[in-house]
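The structure appears below as structure tokens.
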Amino acid sequence: MSSSPEQQVARAVQAAVAELGVPDVGVRLERPKDPAHGDWASNIALTLASRLRRPPREIAAELAERLGALDGVAAIEVAGPGFLNFRLDAAAAGSALRRILAQDAGYGRSDQGQGRRIMVEFVSANPTGPLHLGHGRQAALGDAIANLLEWTGWIVHREFYFNDAGRQMDRLAASVRARCLQALGVDEPVPEDGYHGEYVAEIARALLEEVRQAPAAETHSDAASVPPLDAMRRFAVARLRKEQEMDLEAFKVRFDQFYSETSLYDEGRVEATVRALNDTDLTYRQDGALWLRTTSFGDQKDRVMLKSDGSPTYFLPDVAYHLSKWERGFRHVVNVQGADHHSTVDRVRAGLQALGRPSGYPEYVLHQMVTVERGGQEVRFSKRAGSYATLADLVAETGAGVARYFFLMRRPEAHLTFDLDMALDPSDKNPVYKVQYAHARLCRLLALDREQDWGPAAPAGRPSEHARAELSRLTHPLERELAGQLAEFPGFVTRAATSRAPHLVCGYLEKTAGLVNSWYQAGHPSRRPDLAALVRDEPVRTARLALVQAARIVLRNGLTVLGVPAPSRMHRDADAPPAGGGSA
RNA sequence: GCGCCCGUAGCUCAGCUGGAUAGAGCAUCGGCCUUCUAAGCCGAGGGUCCCAGGUUCGAGUCCUGGCGGGCGUGCCA
């Protein structure tokens with residue numbers, strides 16, 4: 001792959017800096033916010049000022065002089081306090097487009113991960129109820145982070161861990177039992193610490209129905225014949241897990257593996273973890289319980305591993321679970337969790353460190369809570385779920401694509417207000433549609449070009465034609481700016497991947513879509529027909545269609561990384577939901 | 001009390017290793033259809049970047065101390 005003009009300039013600056021006697025400074029170019037400052041800029045002179053004890057402008061001037069004439073660079077300017085601004089010539093500015101066209105669906109991918117394996121664990125909901133909005137944010141985040149890692153050269157494993165053991169399962173079973181009895185006319189309240197949602201009653205009804213249809217002996221339905229608690233627990237867990245998987249399916253999220261907490265016990269992993277921890281000198285008995293000295297590793301207080309009744313706290317299977325990740329060969333693990341779990345971070349890591357695993361293992365992305373607003377008021381969705389809003393309700397209302405995008409728009413550590421009015425707005429006010437519509441609009445231009453008879457001298461625009469386009473024909477400032485923006489896409493993907501920040505891609509896409517719309521609109525036939533993409537002038541048209549094609553590729557690739565569909569058409573009917581919602 | 005996260009325009013939020021005049025969307029106001037789909041575009045107004053110190057050529061960004069909000073701080077998960 002030939003290097004981009006940006007990379008060539010960066011290398012040249014690096015060399016010039018080395019000539020000044022500073023060989024060990026990395027030079028990275030940035031794109032100036034103000035197009036008047038050129039295509040690329042370097043602040044290297046500013047950063048070297050104190051080290052060289054010289055005024056930054058003087059350093060910049062000397063660098064500019066040493067750089068002399070660079071291939072593809074039309075002008076080098078010293079500006080402001082000491083910036084070096086580089087203005088590419090039209091051909092170089094267009095050359096980025098050629099790379100986009102050549103790489104197509106691969107544009108934005110890189111090999112930073114070098115084929116290393118990484119696990120992303122996310123959602124990991126307990127099988128005690130439907131998935132709620134917090135899980136939705138996690139599902140969108142985890143899947144997008146996983147995609148970003150794949151795009152940057154990692155082999156990614158998506159895993160869902162579920163706690164199907166422990167006290168909560170007893171509470172679930174007891175709740176189902178109470179609902180069964182209620183269905184049979186017995187006045188039996190759901191336990192105070194049980195699950196009160198309507199869905200538990202649904203489970204109870206389904207369970208009774210199954211019992212009734214079973215060929216077994218005791219088919220008469222009365223209070224004495226409800227199934228044993230253990231059967232209720234198994235039935236409820238299976239059903240809830242199935243339901244969660246359907247919710248995830250509707251949300252277009254897939255996992256490579258669902259890992260059961262119970263399996264940790266069945267395989268003796270919890271027991272083995274206790275023994276291993278006991279072999280260290282970091283455990284002690286107090287008040288009849290077995291403690292781990294997690295404070296040795298920065299935890300705020302020591303934690304109980306085994307309660308005084310001999311049963312483990314959730315902490316122990318958590319450590320056992322993460323040991324299994326390590327044993328399965330995952331040296332890189334990202335756990336996506338709600339911030340309400342942040343207290344587990346220190347203790348799980350402490351447990352792992354006690355057994356010799358590295359201190360930063362695993363990595364955590366903790367996201368803040370989600371609230372939904374409509375008309376400026378917080379809304380609660382589901383009566384069915386009891387106290388919280390379900391993901392399924394939200395997805396049914398907005399579609400998977402919109403919901404995913406809205407969950408990804410904000411940085412994970414910021415509270416997320418899900419604005420339903422905006423999510424349901426079919427216009428470009430809705431950021432998802434803004435991006436999707438820009439994409440569809442570009443697709444439409446390409447289609448129109450294929451349909452149009454431009455005359456014998458002008459073959460219809462095909463990808464091969466785009467590749468041969470004279471990109472120096474892209475001279476309009478809006479075209480230059482859009483082309484420059486498209487060149488930035490791979491950088492955003494790598495930055496979003498390494499900082500586990502899909503929202504950066506959202507921001508990038510909205511900016512790009514805005515530039516697309518501006519350019520498109522500037523060339524609207526009612527305004528400046530000479531700026532339209534589909535002009536008669538064949539070389540100009542081919543160049544503009546190359547830009548169209550490149551922008552289309554970038555928008556599509558960006559949406560794809562986020563797990564949001566990139567439709568080539570949007571529906572115009574006021575009644576029908578927009579095509580891009582991905583709710584199908 | 002202690003720990004983590006947050007505090008930027010009326011609202012929801014971006015702001016890359018500290019850099020040029022602090023940005024976007026929504027909302028408000030004013031323009032633009034002879035449709036490459038106006039579900040759009042152009043423009044305007046709107047800011048003590050929570051406060052106070054510090055670090056330096058330069059701080060929304062880093063450090064310290066406050067203030068305000070969220071979450072956590074179980075032999076619950």
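Labels used: A, B, ... for chains in the order of the structure tokens, numbers from 1 for residues in each chain, and numbers from 1 for ligands as shown.
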
Which neighbours of segment 313-316 of chain A fall inside 12 Å, counting only C-alpha atoms (C1' of nucleotides), when residues of the same chain fewer than 4 positions from it are skipped, and could you give them as a PDB file with C-alpha atoms (C1' of nucleotides), in the first residue's frame?
ATOM      1  CA  PHE A 162     -24.812 -15.299  33.343  1.00  0.00           C
ATOM      2  CA  ASN A 163     -25.243 -15.855  37.047  1.00  0.00           C
ATOM      3  CA  ASP A 164     -27.495 -18.880  37.199  1.00  0.00           C
ATOM      4  CA  ALA A 165     -26.327 -19.847  40.667  1.00  0.00           C
ATOM      5  CA  GLY A 166     -26.601 -18.331  44.095  1.00  0.00           C
ATOM      6  CA  ARG A 167     -29.244 -16.825  46.285  1.00  0.00           C
ATOM      7  CA  GLN A 168     -30.949 -14.808  43.539  1.00  0.00           C
ATOM      8  CA  GLU A 261     -21.819 -19.535  36.468  1.00  0.00           C
ATOM      9  CA  THR A 262     -23.146 -22.961  37.391  1.00  0.00           C
ATOM     10  CA  LEU A 264     -17.861 -23.029  37.221  1.00  0.00           C
ATOM     11  CA  TYR A 265     -19.154 -25.069  40.157  1.00  0.00           C
ATOM     12  CA  ARG A 269     -13.366 -24.190  39.254  1.00  0.00           C
ATOM     13  CA  VAL A 270     -14.752 -22.360  42.248  1.00  0.00           C
ATOM     14  CA  GLU A 271     -13.366 -24.941  44.611  1.00  0.00           C
ATOM     15  CA  ALA A 272     -10.020 -24.857  42.852  1.00  0.00           C
ATOM     16  CA  THR A 273      -9.953 -21.086  43.159  1.00  0.00           C
ATOM     17  CA  VAL A 274     -10.566 -21.318  46.909  1.00  0.00           C
ATOM     18  CA  ARG A 275      -7.723 -23.783  47.251  1.00  0.00           C
ATOM     19  CA  ALA A 276      -5.384 -21.666  45.172  1.00  0.00           C
ATOM     20  CA  LEU A 277      -6.177 -18.554  47.158  1.00  0.00           C
ATOM     21  CA  ALA A 289     -15.864 -16.439  57.352  1.00  0.00           C
ATOM     22  CA  LEU A 290     -12.879 -16.797  55.048  1.00  0.00           C
ATOM     23  CA  TRP A 291     -11.468 -13.467  53.890  1.00  0.00           C
ATOM     24  CA  LEU A 292      -9.070 -12.394  51.185  1.00  0.00           C
ATOM     25  CA  THR A 294      -7.718  -7.601  48.769  1.00  0.00           C
ATOM     26  CA  ASP A 302     -10.813  -6.910  52.556  1.00  0.00           C
ATOM     27  CA  ARG A 303     -13.499  -9.124  51.075  1.00  0.00           C
ATOM     28  CA  VAL A 304     -15.249 -12.262  52.217  1.00  0.00           C
ATOM     29  CA  MET A 305     -14.707 -15.278  49.946  1.00  0.00           C
ATOM     30  CA  LEU A 306     -16.615 -17.866  51.921  1.00  0.00           C
ATOM     31  CA  LYS A 307     -19.419 -16.843  54.206  1.00  0.00           C
ATOM     32  CA  SER A 308     -19.650 -18.249  57.703  1.00  0.00           C
ATOM     33  CA  ASP A 309     -22.196 -20.764  56.429  1.00  0.00           C
ATOM     34  CA  ALA A 320     -12.848 -18.281  38.984  1.00  0.00           C
ATOM     35  CA  TYR A 321     -14.561 -17.055  35.847  1.00  0.00           C
ATOM     36  CA  HIS A 322     -11.773 -14.639  35.011  1.00  0.00           C
ATOM     37  CA  LEU A 323      -9.198 -17.318  35.638  1.00  0.00           C
ATOM     38  CA  HIS A 341     -20.676  -2.540  39.341  1.00  0.00           C
ATOM     39  CA  SER A 343     -16.885  -1.775  43.192  1.00  0.00           C
ATOM     40  CA  THR A 344     -16.281  -5.220  41.744  1.00  0.00           C
ATOM     41  CA  VAL A 345     -13.399  -4.016  39.621  1.00  0.00           C
ATOM     42  CA  ASP A 346     -10.859  -3.682  42.397  1.00  0.00           C
ATOM     43  CA  ARG A 347     -11.792  -6.873  44.154  1.00  0.00           C
ATOM     44  CA  VAL A 348     -11.841  -9.089  41.076  1.00  0.00           C
ATOM     45  CA  ARG A 349      -8.499  -7.722  39.998  1.00  0.00           C
ATOM     46  CA  ALA A 350      -7.198  -8.188  43.534  1.00  0.00           C
ATOM     47  CA  GLY A 351      -8.287 -11.810  43.518  1.00  0.00           C
ATOM     48  CA  LEU A 352      -6.565 -12.353  40.205  1.00  0.00           C
TER      49      LEU A 352
ATOM     50  C1'   G B  74     -23.081  -6.304  52.359  1.00  0.00           C
ATOM     51  C1'   C B  75     -21.022 -12.746  55.048  1.00  0.00           C
ATOM     52  C1'   C B  76     -26.777  -9.247  48.134  1.00  0.00           C
ATOM     53  C1'   A B  77     -25.604 -10.042  42.823  1.00  0.00           C
TER      54        A B  77
END

Pick out each residue of segment 423-515 of chain A that DSSP on the backbone tags as alpha helix (DSSP H); I need them as a ChimeraX atom specification.
-> /A:423-424,431-451,463-467,477-487,489-498,503-515

Would you mind listing what lies within 9 Å of segment 226-238 of chain A as a PyMOL selection string, with only C-alpha atoms (C1' of nucleotides) counted and same-chain residues fewer than 4 positions away left out?
-> chain A and resi 127-128+164+169-170+172-174+176-177+180-181+200+203-204+207-208+211+221-222+242-243

Which residues of chain B are close to chain A, meaning at most 10 Å apart when you count only C-alpha atoms (C1' of nucleotides), and how do they look as a ChimeraX atom specification?
-> /B:2-6,11-14,16-17,19-21,23-26,32-42,56-58,70-77

Write out as an mmCIF file with all heavy atoms, in the first residue's frame which residues come within 12 Å of G54 of chain B when counting only C-alpha atoms (C1' of nucleotides), dropping same-chain ones fewer than 4 positions away.
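After the write, around_3.cif holds the following:
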data_model
loop_
_atom_site.group_PDB
_atom_site.id
_atom_site.type_symbol
_atom_site.label_atom_id
_atom_site.label_comp_id
_atom_site.auth_asym_id
_atom_site.auth_seq_id
_atom_site.Cartn_x
_atom_site.Cartn_y
_atom_site.Cartn_z
ATOM 1 P P A B 59 -3.063 29.212 29.517
ATOM 2 O OP1 A B 59 -4.243 30.046 29.833
ATOM 3 O OP2 A B 59 -2.040 28.995 30.539
ATOM 4 O "O5'" A B 59 -3.527 27.785 28.993
ATOM 5 C "C5'" A B 59 -4.535 27.663 27.978
ATOM 6 C "C4'" A B 59 -5.566 26.649 28.404
ATOM 7 O "O4'" A B 59 -4.888 25.430 28.809
ATOM 8 C "C3'" A B 59 -6.405 27.079 29.601
ATOM 9 O "O3'" A B 59 -7.706 26.512 29.482
ATOM 10 C "C2'" A B 59 -5.692 26.453 30.778
ATOM 11 O "O2'" A B 59 -6.541 26.186 31.854
ATOM 12 C "C1'" A B 59 -5.200 25.142 30.157
ATOM 13 N N9 A B 59 -4.010 24.578 30.802
ATOM 14 C C8 A B 59 -3.144 25.174 31.669
ATOM 15 N N7 A B 59 -2.170 24.391 32.086
ATOM 16 C C5 A B 59 -2.411 23.199 31.412
ATOM 17 C C6 A B 59 -1.747 21.970 31.403
ATOM 18 N N6 A B 59 -0.640 21.721 32.122
ATOM 19 N N1 A B 59 -2.254 20.982 30.647
ATOM 20 C C2 A B 59 -3.342 21.233 29.934
ATOM 21 N N3 A B 59 -4.073 22.356 29.846
ATOM 22 C C4 A B 59 -3.546 23.302 30.623
ATOM 23 P P C B 62 -7.571 16.594 32.099
ATOM 24 O OP1 C B 62 -7.672 15.177 31.742
ATOM 25 O OP2 C B 62 -8.511 17.194 33.057
ATOM 26 O "O5'" C B 62 -6.088 16.896 32.630
ATOM 27 C "C5'" C B 62 -5.003 16.072 32.223
ATOM 28 C "C4'" C B 62 -3.762 16.461 32.986
ATOM 29 O "O4'" C B 62 -3.262 17.730 32.479
ATOM 30 C "C3'" C B 62 -3.972 16.728 34.468
ATOM 31 O "O3'" C B 62 -3.961 15.529 35.229
ATOM 32 C "C2'" C B 62 -2.805 17.634 34.806
ATOM 33 O "O2'" C B 62 -1.609 16.899 34.942
ATOM 34 C "C1'" C B 62 -2.711 18.486 33.533
ATOM 35 N N1 C B 62 -3.451 19.766 33.651
ATOM 36 C C2 C B 62 -2.932 20.774 34.482
ATOM 37 O O2 C B 62 -1.881 20.562 35.094
ATOM 38 N N3 C B 62 -3.591 21.933 34.579
ATOM 39 C C4 C B 62 -4.729 22.126 33.900
ATOM 40 N N4 C B 62 -5.349 23.302 34.027
ATOM 41 C C5 C B 62 -5.269 21.120 33.055
ATOM 42 C C6 C B 62 -4.606 19.965 32.953
ATOM 43 P P C B 63 -4.752 15.447 36.615
ATOM 44 O OP1 C B 63 -4.707 14.049 37.068
ATOM 45 O OP2 C B 63 -6.061 16.132 36.449
ATOM 46 O "O5'" C B 63 -3.863 16.329 37.593
ATOM 47 C "C5'" C B 63 -2.573 15.907 37.992
ATOM 48 C "C4'" C B 63 -2.018 16.832 39.036
ATOM 49 O "O4'" C B 63 -1.802 18.147 38.443
ATOM 50 C "C3'" C B 63 -2.961 17.107 40.197
ATOM 51 O "O3'" C B 63 -2.884 16.095 41.188
ATOM 52 C "C2'" C B 63 -2.471 18.468 40.702
ATOM 53 O "O2'" C B 63 -1.301 18.323 41.490
ATOM 54 C "C1'" C B 63 -2.090 19.156 39.393
ATOM 55 N N1 C B 63 -3.186 19.994 38.858
ATOM 56 C C2 C B 63 -3.392 21.262 39.409
ATOM 57 O O2 C B 63 -2.657 21.624 40.335
ATOM 58 N N3 C B 63 -4.370 22.051 38.932
ATOM 59 C C4 C B 63 -5.133 21.620 37.930
ATOM 60 N N4 C B 63 -6.092 22.434 37.488
ATOM 61 C C5 C B 63 -4.958 20.332 37.343
ATOM 62 C C6 C B 63 -3.981 19.558 37.832
ATOM 63 P P U B 64 -4.178 15.799 42.109
ATOM 64 O OP1 U B 64 -3.892 14.580 42.899
ATOM 65 O OP2 U B 64 -5.387 15.858 41.270
ATOM 66 O "O5'" U B 64 -4.195 17.053 43.081
ATOM 67 C "C5'" U B 64 -3.125 17.270 43.994
ATOM 68 C "C4'" U B 64 -3.381 18.520 44.790
ATOM 69 O "O4'" U B 64 -3.287 19.682 43.920
ATOM 70 C "C3'" U B 64 -4.774 18.639 45.397
ATOM 71 O "O3'" U B 64 -4.911 17.896 46.591
ATOM 72 C "C2'" U B 64 -4.893 20.151 45.612
ATOM 73 O "O2'" U B 64 -4.166 20.564 46.747
ATOM 74 C "C1'" U B 64 -4.193 20.685 44.361
ATOM 75 N N1 U B 64 -5.157 20.976 43.275
ATOM 76 C C2 U B 64 -5.820 22.192 43.322
ATOM 77 O O2 U B 64 -5.644 23.009 44.209
ATOM 78 N N3 U B 64 -6.698 22.417 42.291
ATOM 79 C C4 U B 64 -6.974 21.555 41.240
ATOM 80 O O4 U B 64 -7.787 21.892 40.395
ATOM 81 C C5 U B 64 -6.248 20.322 41.272
ATOM 82 C C6 U B 64 -5.393 20.083 42.262
ATOM 83 P P G B 65 -6.365 17.330 46.993
ATOM 84 O OP1 G B 65 -6.171 16.460 48.173
ATOM 85 O OP2 G B 65 -7.043 16.800 45.791
ATOM 86 O "O5'" G B 65 -7.123 18.643 47.456
ATOM 87 C "C5'" G B 65 -6.594 19.440 48.508
ATOM 88 C "C4'" G B 65 -7.406 20.702 48.640
ATOM 89 O "O4'" G B 65 -7.176 21.565 47.494
ATOM 90 C "C3'" G B 65 -8.914 20.512 48.639
ATOM 91 O "O3'" G B 65 -9.381 20.055 49.892
ATOM 92 C "C2'" G B 65 -9.397 21.909 48.269
ATOM 93 O "O2'" G B 65 -9.315 22.782 49.367
ATOM 94 C "C1'" G B 65 -8.349 22.310 47.221
ATOM 95 N N9 G B 65 -8.820 21.992 45.866
ATOM 96 C C8 G B 65 -8.511 20.885 45.105
ATOM 97 N N7 G B 65 -9.109 20.885 43.943
ATOM 98 C C5 G B 65 -9.848 22.059 43.933
ATOM 99 C C6 G B 65 -10.702 22.615 42.944
ATOM 100 O O6 G B 65 -10.985 22.153 41.842
ATOM 101 N N1 G B 65 -11.253 23.821 43.356
ATOM 102 C C2 G B 65 -11.019 24.418 44.559
ATOM 103 N N2 G B 65 -11.637 25.584 44.787
ATOM 104 N N3 G B 65 -10.233 23.934 45.494
ATOM 105 C C4 G B 65 -9.683 22.749 45.110
#

Name all residues at most 9 Å from Ile553 of chain A (count only C-alpha atoms (C1' of nucleotides); drop same-chain ones fewer than 2 positions away) and give them as JSON, numbers by chain.
-> {"A": [100, 101, 104, 105, 107, 439, 548, 549, 550, 551, 555, 556, 557, 558]}

Atom-to-atom span, atom CA of Glu6 of chain A and atom CA of Leu29 of chain A, Å =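 Straight-line distance from atom CA of Glu6 of chain A to atom CA of Leu29 of chain A works out to 7.3 Å.
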
Need to verify the contact set: Arg205 of chain A, 8 Å, only C-alpha atoms (C1' of nucleotides), exclusion of same-chain residues closer than 4 positions in sequence. Can you return it as a tab-separated table (two decimals) with N, CA and C atoms, in the first residue's frame?
chain	number	residue	atom	x	y	z
A	180	CYS	N	-47.37	-19.16	40.77
A	180	CYS	CA	-48.08	-20.39	40.41
A	180	CYS	C	-49.26	-20.58	41.35
A	183	ALA	N	-51.99	-18.31	40.66
A	183	ALA	CA	-52.75	-18.71	39.47
A	183	ALA	C	-53.72	-19.83	39.82
A	201	ALA	N	-45.25	-13.81	36.54
A	201	ALA	CA	-46.57	-14.45	36.45
A	201	ALA	C	-46.72	-15.16	35.11
A	209	GLU	N	-49.03	-24.56	32.53
A	209	GLU	CA	-49.55	-25.11	31.28
A	209	GLU	C	-48.74	-26.33	30.87

Compare A:Ser499, A:Gln138, A:Ser568, A:Gln337 by their minimum atom-to-atom distance to Cys443 of chain A, counting only C-alpha atoms, and give me the closest one.
->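 For Cys443 of chain A, the nearest of the candidates is A:Ser568.
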
All strand (DSSP E) positions in segment 52-188 of chain A, as a PyMOL selection string | chain A and resi 73-79+83-88+117-121+155-162

Just how far from atom CA of Glu77 of chain A is atom CA of Arg480 of chain A, in Å to one decimal?
->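 Distance between the two atoms: 18.4 Å.
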